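**Student:** For reference, this is run-v5.pdb, and it has PDB, C-alpha atoms and all ligand atoms.
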```
ATOM      1  CA  MET M   1       9.366  39.121  48.525  1.00  0.00           C
ATOM      2  CA  THR M   2      13.067  40.031  48.477  1.00  0.00           C
ATOM      3  CA  PHE M   3      14.849  41.551  45.525  1.00  0.00           C
ATOM      4  CA  PRO M   4      18.302  40.610  44.325  1.00  0.00           C
ATOM      5  CA  SER M   5      21.059  43.122  45.115  1.00  0.00           C
ATOM      6  CA  PRO M   6      22.237  45.111  42.130  1.00  0.00           C
ATOM      7  CA  VAL M   7      25.621  43.823  41.001  1.00  0.00           C
ATOM      8  CA  SER M   8      26.302  46.226  38.132  1.00  0.00           C
ATOM      9  CA  TYR M   9      25.743  49.861  37.204  1.00  0.00           C
ATOM     10  CA  THR M  10      23.115  48.617  34.753  1.00  0.00           C
ATOM     11  CA  ASP M  11      21.300  46.946  37.642  1.00  0.00           C
ATOM     12  CA  LEU M  12      21.387  50.195  39.625  1.00  0.00           C
ATOM     13  CA  MET M  13      20.057  52.159  36.670  1.00  0.00           C
ATOM     14  CA  GLY M  14      17.421  49.493  36.131  1.00  0.00           C
ATOM     15  CA  GLY M  15      15.955  50.350  39.536  1.00  0.00           C
ATOM     16  CA  ILE M  16      15.310  53.979  38.559  1.00  0.00           C
ATOM     17  CA  SER M  17      11.863  54.840  37.203  1.00  0.00           C
ATOM     18  CA  GLU M  18      12.372  58.550  36.557  1.00  0.00           C
ATOM     19  CA  ILE M  19      15.172  61.097  36.671  1.00  0.00           C
ATOM     20  CA  LEU M  20      13.964  64.223  38.485  1.00  0.00           C
ATOM     21  CA  PHE M  21      17.176  66.261  38.224  1.00  0.00           C
ATOM     22  CA  SER M  22      19.888  65.355  35.736  1.00  0.00           C
ATOM     23  CA  ALA M  23      23.599  65.527  36.510  1.00  0.00           C
ATOM     24  CA  GLU M  24      23.818  68.596  34.235  1.00  0.00           C
ATOM     25  CA  GLN M  25      20.965  70.393  36.030  1.00  0.00           C
ATOM     26  CA  ILE M  26      22.519  69.621  39.409  1.00  0.00           C
ATOM     27  CA  GLN M  27      25.984  70.802  38.375  1.00  0.00           C
ATOM     28  CA  ALA M  28      24.614  74.025  36.871  1.00  0.00           C
ATOM     29  CA  ARG M  29      22.669  74.803  40.051  1.00  0.00           C
ATOM     30  CA  VAL M  30      25.678  74.022  42.266  1.00  0.00           C
ATOM     31  CA  LEU M  31      27.737  76.532  40.259  1.00  0.00           C
ATOM     32  CA  GLU M  32      25.059  79.184  40.883  1.00  0.00           C
ATOM     33  CA  LEU M  33      24.998  78.411  44.601  1.00  0.00           C
ATOM     34  CA  GLY M  34      28.786  78.536  44.751  1.00  0.00           C
ATOM     35  CA  ALA M  35      28.826  81.924  43.013  1.00  0.00           C
ATOM     36  CA  ALA M  36      26.225  83.358  45.428  1.00  0.00           C
ATOM     37  CA  ILE M  37      28.103  82.037  48.469  1.00  0.00           C
ATOM     38  CA  SER M  38      31.419  83.359  47.122  1.00  0.00           C
ATOM     39  CA  ARG M  39      29.876  86.825  46.768  1.00  0.00           C
ATOM     40  CA  ASP M  40      28.126  86.845  50.151  1.00  0.00           C
ATOM     41  CA  TYR M  41      31.045  85.500  52.192  1.00  0.00           C
ATOM     42  CA  VAL M  42      33.881  87.410  50.583  1.00  0.00           C
ATOM     43  CA  GLY M  43      36.563  88.180  53.209  1.00  0.00           C
ATOM     44  CA  CYS M  44      34.928  85.808  55.765  1.00  0.00           C
ATOM     45  CA  ARG M  45      36.709  82.456  55.216  1.00  0.00           C
ATOM     46  CA  PRO M  46      33.534  80.440  55.901  1.00  0.00           C
ATOM     47  CA  LEU M  47      33.530  76.966  57.425  1.00  0.00           C
ATOM     48  CA  LEU M  48      31.320  74.541  55.497  1.00  0.00           C
ATOM     49  CA  VAL M  49      29.851  71.959  57.875  1.00  0.00           C
ATOM     50  CA  GLY M  50      28.105  68.803  56.671  1.00  0.00           C
ATOM     51  CA  VAL M  51      26.552  65.716  58.206  1.00  0.00           C
ATOM     52  CA  LEU M  52      27.778  62.425  56.772  1.00  0.00           C
ATOM     53  CA  LYS M  53      27.083  60.496  54.695  1.00  0.00           C
ATOM     54  CA  GLY M  54      24.520  61.857  52.239  1.00  0.00           C
ATOM     55  CA  VAL M  55      26.113  65.271  51.854  1.00  0.00           C
ATOM     56  CA  PHE M  56      29.441  64.058  50.480  1.00  0.00           C
ATOM     57  CA  PRO M  57      28.886  64.637  46.701  1.00  0.00           C
ATOM     58  CA  PHE M  58      27.153  67.986  47.239  1.00  0.00           C
ATOM     59  CA  MET M  59      29.829  69.149  49.680  1.00  0.00           C
ATOM     60  CA  ALA M  60      32.587  68.199  47.245  1.00  0.00           C
ATOM     61  CA  ASP M  61      30.909  69.939  44.302  1.00  0.00           C
ATOM     62  CA  LEU M  62      29.867  73.014  46.292  1.00  0.00           C
ATOM     63  CA  ALA M  63      33.313  73.506  47.839  1.00  0.00           C
ATOM     64  CA  ARG M  64      34.829  73.450  44.329  1.00  0.00           C
ATOM     65  CA  ALA M  65      32.198  75.886  43.034  1.00  0.00           C
ATOM     66  CA  ILE M  66      33.118  78.407  45.743  1.00  0.00           C
ATOM     67  CA  THR M  67      35.847  80.766  44.601  1.00  0.00           C
ATOM     68  CA  ILE M  68      36.932  82.209  47.967  1.00  0.00           C
ATOM     69  CA  PRO M  69      38.984  80.451  50.688  1.00  0.00           C
ATOM     70  CA  VAL M  70      36.797  77.986  52.642  1.00  0.00           C
ATOM     71  CA  GLU M  71      37.315  75.286  55.238  1.00  0.00           C
ATOM     72  CA  VAL M  72      35.311  72.061  55.418  1.00  0.00           C
ATOM     73  CA  ASP M  73      34.330  69.932  58.421  1.00  0.00           C
ATOM     74  CA  PHE M  74      31.970  67.011  58.988  1.00  0.00           C
ATOM     75  CA  MET M  75      29.829  65.482  61.715  1.00  0.00           C
ATOM     76  CA  ALA M  76      28.154  62.090  61.857  1.00  0.00           C
ATOM     77  CA  ILE M  77      24.935  61.554  63.745  1.00  0.00           C
ATOM     78  CA  ALA M  78      22.682  58.609  64.579  1.00  0.00           C
ATOM     79  CA  SER M  79      19.196  58.258  66.000  1.00  0.00           C
ATOM     80  CA  TYR M  80      18.853  56.867  69.507  1.00  0.00           C
ATOM     81  CA  SER M  81      15.649  55.110  68.444  1.00  0.00           C
ATOM     82  CA  ALA M  82      12.823  55.505  65.945  1.00  0.00           C
ATOM     83  CA  GLU M  83      10.753  57.132  68.676  1.00  0.00           C
ATOM     84  CA  SER M  84      13.367  59.656  69.786  1.00  0.00           C
ATOM     85  CA  ARG M  85      13.975  60.467  66.143  1.00  0.00           C
ATOM     86  CA  GLN M  86      10.414  61.719  65.849  1.00  0.00           C
ATOM     87  CA  HIS M  87      11.328  64.389  68.389  1.00  0.00           C
ATOM     88  CA  GLY M  88      14.503  65.208  66.506  1.00  0.00           C
ATOM     89  CA  ALA M  89      16.864  63.818  69.154  1.00  0.00           C
ATOM     90  CA  VAL M  90      20.019  62.458  67.583  1.00  0.00           C
ATOM     91  CA  ARG M  91      23.351  61.335  68.992  1.00  0.00           C
ATOM     92  CA  ILE M  92      26.604  62.805  67.682  1.00  0.00           C
ATOM     93  CA  GLN M  93      28.771  59.887  66.571  1.00  0.00           C
ATOM     94  CA  LYS M  94      31.558  62.040  65.169  1.00  0.00           C
ATOM     95  CA  ASP M  95      31.900  65.660  66.183  1.00  0.00           C
ATOM     96  CA  LEU M  96      33.511  68.502  64.246  1.00  0.00           C
ATOM     97  CA  ASP M  97      37.302  68.574  64.277  1.00  0.00           C
ATOM     98  CA  SER M  98      37.399  72.356  64.662  1.00  0.00           C
ATOM     99  CA  ALA M  99      35.952  74.808  67.186  1.00  0.00           C
ATOM    100  CA  ILE M 100      33.374  77.063  65.540  1.00  0.00           C
ATOM    101  CA  GLY M 101      33.138  79.884  68.098  1.00  0.00           C
ATOM    102  CA  GLY M 102      33.348  83.200  66.238  1.00  0.00           C
ATOM    103  CA  ARG M 103      33.414  81.469  62.821  1.00  0.00           C
ATOM    104  CA  HIS M 104      31.141  82.058  59.855  1.00  0.00           C
ATOM    105  CA  VAL M 105      29.527  78.631  59.586  1.00  0.00           C
ATOM    106  CA  LEU M 106      27.561  77.522  56.536  1.00  0.00           C
ATOM    107  CA  PHE M 107      25.724  74.300  57.268  1.00  0.00           C
ATOM    108  CA  VAL M 108      25.469  72.212  54.085  1.00  0.00           C
ATOM    109  CA  GLU M 109      22.659  69.651  53.818  1.00  0.00           C
ATOM    110  CA  ASP M 110      21.719  67.168  51.089  1.00  0.00           C
ATOM    111  CA  VAL M 111      17.960  67.187  51.617  1.00  0.00           C
ATOM    112  CA  VAL M 112      15.721  68.784  54.219  1.00  0.00           C
ATOM    113  CA  ASP M 113      12.684  66.611  54.760  1.00  0.00           C
ATOM    114  CA  THR M 114      10.823  66.948  58.093  1.00  0.00           C
ATOM    115  CA  GLY M 115      13.511  69.421  59.179  1.00  0.00           C
ATOM    116  CA  LEU M 116      14.020  67.557  62.485  1.00  0.00           C
ATOM    117  CA  THR M 117      17.671  66.708  61.784  1.00  0.00           C
ATOM    118  CA  LEU M 118      18.467  70.217  60.622  1.00  0.00           C
ATOM    119  CA  ASN M 119      16.680  71.724  63.596  1.00  0.00           C
ATOM    120  CA  TYR M 120      18.632  69.574  66.044  1.00  0.00           C
ATOM    121  CA  VAL M 121      21.996  70.186  64.412  1.00  0.00           C
ATOM    122  CA  LEU M 122      21.430  73.937  64.135  1.00  0.00           C
ATOM    123  CA  ARG M 123      20.540  74.154  67.830  1.00  0.00           C
ATOM    124  CA  ASN M 124      23.691  72.217  68.652  1.00  0.00           C
ATOM    125  CA  LEU M 125      25.891  74.403  66.418  1.00  0.00           C
ATOM    126  CA  ARG M 126      24.294  77.625  67.682  1.00  0.00           C
ATOM    127  CA  SER M 127      25.204  76.676  71.250  1.00  0.00           C
ATOM    128  CA  ARG M 128      28.874  76.853  70.208  1.00  0.00           C
ATOM    129  CA  ASP M 129      28.584  80.593  69.422  1.00  0.00           C
ATOM    130  CA  PRO M 130      29.490  80.878  65.742  1.00  0.00           C
ATOM    131  CA  ALA M 131      29.654  84.464  64.432  1.00  0.00           C
ATOM    132  CA  THR M 132      27.023  83.525  61.829  1.00  0.00           C
ATOM    133  CA  LEU M 133      25.178  80.309  61.006  1.00  0.00           C
ATOM    134  CA  GLN M 134      23.397  79.848  57.692  1.00  0.00           C
ATOM    135  CA  VAL M 135      22.054  76.856  55.770  1.00  0.00           C
ATOM    136  CA  CYS M 136      22.633  75.672  52.209  1.00  0.00           C
ATOM    137  CA  ALA M 137      20.458  72.710  51.165  1.00  0.00           C
ATOM    138  CA  MET M 138      20.586  71.096  47.743  1.00  0.00           C
ATOM    139  CA  PHE M 139      17.060  69.650  47.967  1.00  0.00           C
ATOM    140  CA  ASP M 140      14.010  70.733  49.932  1.00  0.00           C
ATOM    141  CA  LYS M 141      10.904  68.617  50.547  1.00  0.00           C
ATOM    142  CA  GLY M 142       9.014  71.617  51.890  1.00  0.00           C
ATOM    143  CA  THR M 143       5.623  69.881  52.017  1.00  0.00           C
ATOM    144  CA  ARG M 144       6.931  67.370  54.594  1.00  0.00           C
ATOM    145  CA  ARG M 145       8.249  69.917  57.059  1.00  0.00           C
ATOM    146  CA  LEU M 146       7.380  69.368  60.739  1.00  0.00           C
ATOM    147  CA  VAL M 147       9.532  72.170  62.178  1.00  0.00           C
ATOM    148  CA  ARG M 148      10.320  75.570  60.721  1.00  0.00           C
ATOM    149  CA  THR M 149      13.900  75.647  59.507  1.00  0.00           C
ATOM    150  CA  PRO M 150      15.740  78.414  57.686  1.00  0.00           C
ATOM    151  CA  ILE M 151      17.265  77.631  54.271  1.00  0.00           C
ATOM    152  CA  HIS M 152      19.348  80.537  53.017  1.00  0.00           C
ATOM    153  CA  TYR M 153      20.663  78.857  49.847  1.00  0.00           C
ATOM    154  CA  LYS M 154      18.516  76.219  48.131  1.00  0.00           C
ATOM    155  CA  GLY M 155      19.181  74.038  45.091  1.00  0.00           C
ATOM    156  CA  PHE M 156      15.823  72.565  44.124  1.00  0.00           C
ATOM    157  CA  ASP M 157      12.420  71.771  45.600  1.00  0.00           C
ATOM    158  CA  LEU M 158      11.519  68.090  45.664  1.00  0.00           C
ATOM    159  CA  PRO M 159       8.083  66.503  45.640  1.00  0.00           C
ATOM    160  CA  ASP M 160       7.000  64.354  48.599  1.00  0.00           C
ATOM    161  CA  ARG M 161       8.591  61.228  47.139  1.00  0.00           C
ATOM    162  CA  PHE M 162      11.477  59.023  48.196  1.00  0.00           C
ATOM    163  CA  VAL M 163      14.444  59.829  45.946  1.00  0.00           C
ATOM    164  CA  VAL M 164      17.928  58.420  45.474  1.00  0.00           C
ATOM    165  CA  GLY M 165      21.181  59.550  43.920  1.00  0.00           C
ATOM    166  CA  TYR M 166      23.630  62.430  44.408  1.00  0.00           C
ATOM    167  CA  GLY M 167      24.422  61.132  47.915  1.00  0.00           C
ATOM    168  CA  LEU M 168      20.928  59.958  48.825  1.00  0.00           C
ATOM    169  CA  ASP M 169      20.641  56.253  49.447  1.00  0.00           C
ATOM    170  CA  TYR M 170      18.198  53.423  49.615  1.00  0.00           C
ATOM    171  CA  ARG M 171      19.672  50.845  51.978  1.00  0.00           C
ATOM    172  CA  GLU M 172      23.142  52.362  51.407  1.00  0.00           C
ATOM    173  CA  LEU M 173      22.993  52.023  47.602  1.00  0.00           C
ATOM    174  CA  TYR M 174      22.482  54.593  44.804  1.00  0.00           C
ATOM    175  CA  ARG M 175      24.559  57.335  46.527  1.00  0.00           C
ATOM    176  CA  ASN M 176      27.006  57.316  43.601  1.00  0.00           C
ATOM    177  CA  LEU M 177      24.460  58.149  40.904  1.00  0.00           C
ATOM    178  CA  PRO M 178      25.189  61.662  39.557  1.00  0.00           C
ATOM    179  CA  PHE M 179      21.472  62.486  39.198  1.00  0.00           C
ATOM    180  CA  VAL M 180      18.459  62.346  41.513  1.00  0.00           C
ATOM    181  CA  GLY M 181      15.633  60.023  40.624  1.00  0.00           C
ATOM    182  CA  LEU M 182      12.742  57.908  41.781  1.00  0.00           C
ATOM    183  CA  LEU M 183      13.050  54.207  42.465  1.00  0.00           C
ATOM    184  CA  LYS M 184      10.793  51.746  40.701  1.00  0.00           C
ATOM    185  CA  ALA M 185       7.941  50.635  42.931  1.00  0.00           C
ATOM    186  CA  ASP M 186       9.091  47.012  42.949  1.00  0.00           C
ATOM    187  CA  VAL M 187      12.557  47.993  44.255  1.00  0.00           C
ATOM    188  CA  LEU M 188      11.200  50.027  47.142  1.00  0.00           C
ATOM    189  CA  HIS M 189       9.879  48.240  50.194  1.00  0.00           C
ATOM    190  CA  PRO M 190       6.111  49.011  50.562  1.00  0.00           C
ATOM    191  CA  ASP M 191       6.712  50.855  53.877  1.00  0.00           C
ATOM    192  CA  GLU M 192       9.223  53.149  52.281  1.00  0.00           C
ATOM    193  CA  HIS M 193       7.196  54.733  49.500  1.00  0.00           C
ATOM    194  CA  THR M 194       6.518  57.796  51.591  1.00  0.00           C
ATOM    195  CA  LYS M 195       9.202  57.295  54.222  1.00  0.00           C
ATOM    196  CA  LYS M 196      12.512  59.047  54.334  1.00  0.00           C
ATOM    197  CA  GLY M 197      15.935  57.483  54.009  1.00  0.00           C
ATOM    198  CA  SER M 198      17.052  54.908  56.510  1.00  0.00           C
ATOM    199  CA  SER M 199      20.445  56.464  57.091  1.00  0.00           C
ATOM    200  CA  LYS M 200      22.218  59.768  56.719  1.00  0.00           C
TER     201      LYS M 200
HETATM  202  P1  LIG L 301      14.793  65.181  58.175  1.00  0.00           P
HETATM  203  O1  LIG L 301      15.322  65.179  59.562  1.00  0.00           O
HETATM  204  O2  LIG L 301      13.452  64.499  58.121  1.00  0.00           O
HETATM  205  O3  LIG L 301      14.747  66.531  57.533  1.00  0.00           O
HETATM  206  O4  LIG L 301      15.721  64.218  57.341  1.00  0.00           O
HETATM  207  C1  LIG L 301      16.801  64.613  56.609  1.00  0.00           C
HETATM  208  C2  LIG L 301      17.598  63.398  56.197  1.00  0.00           C
HETATM  209  O5  LIG L 301      16.749  62.309  55.801  1.00  0.00           O
HETATM  210  C3  LIG L 301      18.437  63.680  54.969  1.00  0.00           C
HETATM  211  O6  LIG L 301      19.659  64.236  55.335  1.00  0.00           O
HETATM  212  C4  LIG L 301      18.539  62.317  54.311  1.00  0.00           C
HETATM  213  O7  LIG L 301      19.621  61.599  54.866  1.00  0.00           O
HETATM  214  C5  LIG L 301      17.266  61.609  54.692  1.00  0.00           C
HETATM  215  N1  LIG L 301      16.280  61.662  53.586  1.00  0.00           N
HETATM  216  C6  LIG L 301      15.176  62.440  53.520  1.00  0.00           C
HETATM  217  N2  LIG L 301      14.488  62.220  52.388  1.00  0.00           N
HETATM  218  C7  LIG L 301      15.175  61.276  51.698  1.00  0.00           C
HETATM  219  C8  LIG L 301      14.983  60.636  50.414  1.00  0.00           C
HETATM  220  O8  LIG L 301      14.021  60.890  49.664  1.00  0.00           O
HETATM  221  N3  LIG L 301      15.925  59.727  50.052  1.00  0.00           N
HETATM  222  C9  LIG L 301      16.994  59.414  50.831  1.00  0.00           C
HETATM  223  N4  LIG L 301      17.222  59.999  52.018  1.00  0.00           N
HETATM  224  C10 LIG L 301      16.331  60.923  52.458  1.00  0.00           C
END
```
Kindly transcribe the structure held in the file into structure tokens.
**Tutor:**
Amino acid sequence: MTFPSPVSYTDLMGGISEILFSAEQIQARVLELGAAISRDYVGCRPLLVGVLKGVFPFMADLARAITIPVEVDFMAIASYSAESRQHGAVRIQKDLDSAIGGRHVLFVEDVVDTGLTLNYVLRNLRSRDPATLQVCAMFDKGTRRLVRTPIHYKGFDLPDRFVVGYGLDYRELYRNLPFVGLLKADVLHPDEHTKKGSSK
């Protein structure tokens, strides 16, 4: 059975069964993360690095919550195949604009799920010799982790459920919702109840 595409904000909202983190909760937590980062990186001019697309709302909010000078850069990655993805191998579609050797890099992630993407990207970034490399993730699905990955700044823990909103998509929709929530069962394809997002 196929479901009609949402054509209005009401349609989008109609697909949500439960709000896990409200816009207010998210914004309050982002302010706390920004304050901690501003304290820890004072005098360092950190470079915030994110992987498109899911990170865009968090990156924008976090950068504005940080009260010291920061720079921002983005990468885009894609899986070679479903099989290679299971080993964490991804292809860089768009690389960073800036060199990161000797820089204080803070890698910003929307959600860490299996940790495979984070693990791959961190290995790649580490090979470029940054002075420091730390991780700030808004959401953490710790119970799904397949590889150990450091998270130095964390927003919230998530249950092992497929979520949308605040950058996270289902088939490219729902990224613009200001909260994070669960999709109604009849919106989600049966295979995707426990699966992760189809695209960054
Ligand atoms: P990992 O490599 O398994 O840790 O996957 C991380 C990426 O999967 C995130 O950056 C998201 O793009 C995507 N992802 C993981 N869980 C979800 C979810 O519940 N909804 C939407 N996207 C997700």
**Student:** Would you pick out the contacts of region 27-38 of chain M at 10 Å or less, using all atoms listed in the file, so that residues sharing its chain but fewer than 6 positions from it are not included, and give the list as a PyMOL selection string?
**Tutor:** chain M and resi 21+44-46+58-59+61-70+106+136-138+152-156+178-179
**Student:** Around all listed atoms of ligand LIG 301 (chain L), padded 8 Å per side, what centre and edge lengths does the axis-aligned box have in Å to one decimal, as JSON?
**Tutor:**
```
{"center_x": 16.6, "center_y": 63.0, "center_z": 54.6, "size_x": 22.2, "size_y": 23.1, "size_z": 25.9}
```
**Student:** Between M:Asp40, M:Asp110, M:Asp73, M:Asp11, single out the one closest to ligand LIG 301 (chain L), counting all atoms listed in the file.
**Tutor:**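 Looking at the shortest contact to ligand LIG 301 (chain L), the residue is M:Asp110.
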**Student:** May I have the residues within 10 Å of Ala99 (chain M) as a ChimeraX atom specification, using only C-alpha atoms and disregarding those fewer than 4 positions away in the same chain?
**Tutor:** /M:103,128-130
**Student:** Could you check which of M:Val7, M:Met13, M:Val51, M:Leu133 is closest to Gly181 (chain M), using all atoms listed in the file?
**Tutor:**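 That would be M:Met13, the residue with the smallest distance to Gly181 (chain M).
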**Student:** State, in Å with one decimal place, the distance from CA of Gly43 (chain M) to CA of Val112 (chain M).
**Tutor:** 28.5 Å
**Student:** Find the residues with any atom within 9 Å of (15.8, 70.0, 55.5); use all atoms listed in the file and the coordinates as given in the file, and write the answer as a PyMOL selection string.
**Tutor:** chain M and resi 109-119+137+139-142+145+149-151
**Student:** Separation of CA of Leu125 (chain M) and CA of Leu146 (chain M), in Å?
**Tutor:**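 Separation of CA of Leu125 (chain M) and CA of Leu146 (chain M): 20.0 Å.
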**Student:** Of the residues M:Leu96, M:Leu183, M:Val163, M:Leu158, which is the one nearest to ligand LIG 301 (chain L), using only C-alpha atoms and all ligand atoms?
**Tutor:**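 Once distances to ligand LIG 301 (chain L) are computed over only C-alpha atoms and all ligand atoms, the minimum belongs to M:Val163.
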**Student:** I need the residue set behind the PyMOL selection byres (((chain M and resi 97) around 12) and not hetatm) for this file; please write it as a list of chain:residue names.
**Tutor:**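 When the PyMOL selection byres (((chain M and resi 97) around 12) and not hetatm) is applied, the selected residues are M:Leu47, M:Val49, M:Gly50, M:Glu71, M:Val72, M:Asp73, M:Phe74, M:Met75, M:Ala76, M:Lys94, M:Asp95, M:Leu96, M:Ser98, M:Ala99, M:Ile100.
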**Student:** In Å, rounded to a single decimal, give me how far CA of Phe162 (chain M) is from atom C6 of ligand LIG 301 (chain L).
**Tutor:**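 One can read the atom C6 of ligand LIG 301 (chain L) to CA of Phe162 (chain M) distance as 7.3 Å.
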**Student:** My list of candidates is M:Arg144, M:Arg39, M:Lys184, M:Arg91. Which is closest to ligand LIG 301 (chain L) when distances are computed with all atoms listed in the file?
**Tutor:**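 Nearest candidate to ligand LIG 301 (chain L) out of M:Arg144, M:Arg39, M:Lys184, M:Arg91: M:Arg144.
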**Student:** Using all atoms listed in the file, find the one residue out of M:Ala89, M:Ala185, M:Ile26, M:Val105 that sits nearest to ligand LIG 301 (chain L).
**Tutor:**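 Closest to ligand LIG 301 (chain L), using all atoms listed in the file: M:Ala89.
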**Student:** Would you mind telling me which residue in M:Glu18, M:Asp160, M:Gly102, M:Lys53 lies nearest to Glu172 (chain M) when using all atoms listed in the file?
**Tutor:**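 Distance minimum relative to Glu172 (chain M) lands on M:Lys53.
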**Student:** On this file, the PyMOL selection byres (((chain M and resi 177) around 9) and not hetatm) gives some set of residues; write that set as a PDB file with C-alpha atoms, keeping the file's coordinate frame.
**Tutor:**
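Result file is out10.pdb:
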```pdb
ATOM      1  CA  LEU M  12      21.387  50.195  39.625  1.00  0.00           C
ATOM      2  CA  MET M  13      20.057  52.159  36.670  1.00  0.00           C
ATOM      3  CA  ALA M  23      23.599  65.527  36.510  1.00  0.00           C
ATOM      4  CA  VAL M 164      17.928  58.420  45.474  1.00  0.00           C
ATOM      5  CA  GLY M 165      21.181  59.550  43.920  1.00  0.00           C
ATOM      6  CA  TYR M 166      23.630  62.430  44.408  1.00  0.00           C
ATOM      7  CA  GLY M 167      24.422  61.132  47.915  1.00  0.00           C
ATOM      8  CA  LEU M 168      20.928  59.958  48.825  1.00  0.00           C
ATOM      9  CA  TYR M 174      22.482  54.593  44.804  1.00  0.00           C
ATOM     10  CA  ARG M 175      24.559  57.335  46.527  1.00  0.00           C
ATOM     11  CA  ASN M 176      27.006  57.316  43.601  1.00  0.00           C
ATOM     12  CA  PRO M 178      25.189  61.662  39.557  1.00  0.00           C
ATOM     13  CA  PHE M 179      21.472  62.486  39.198  1.00  0.00           C
ATOM     14  CA  VAL M 180      18.459  62.346  41.513  1.00  0.00           C
TER      15      VAL M 180
END
```
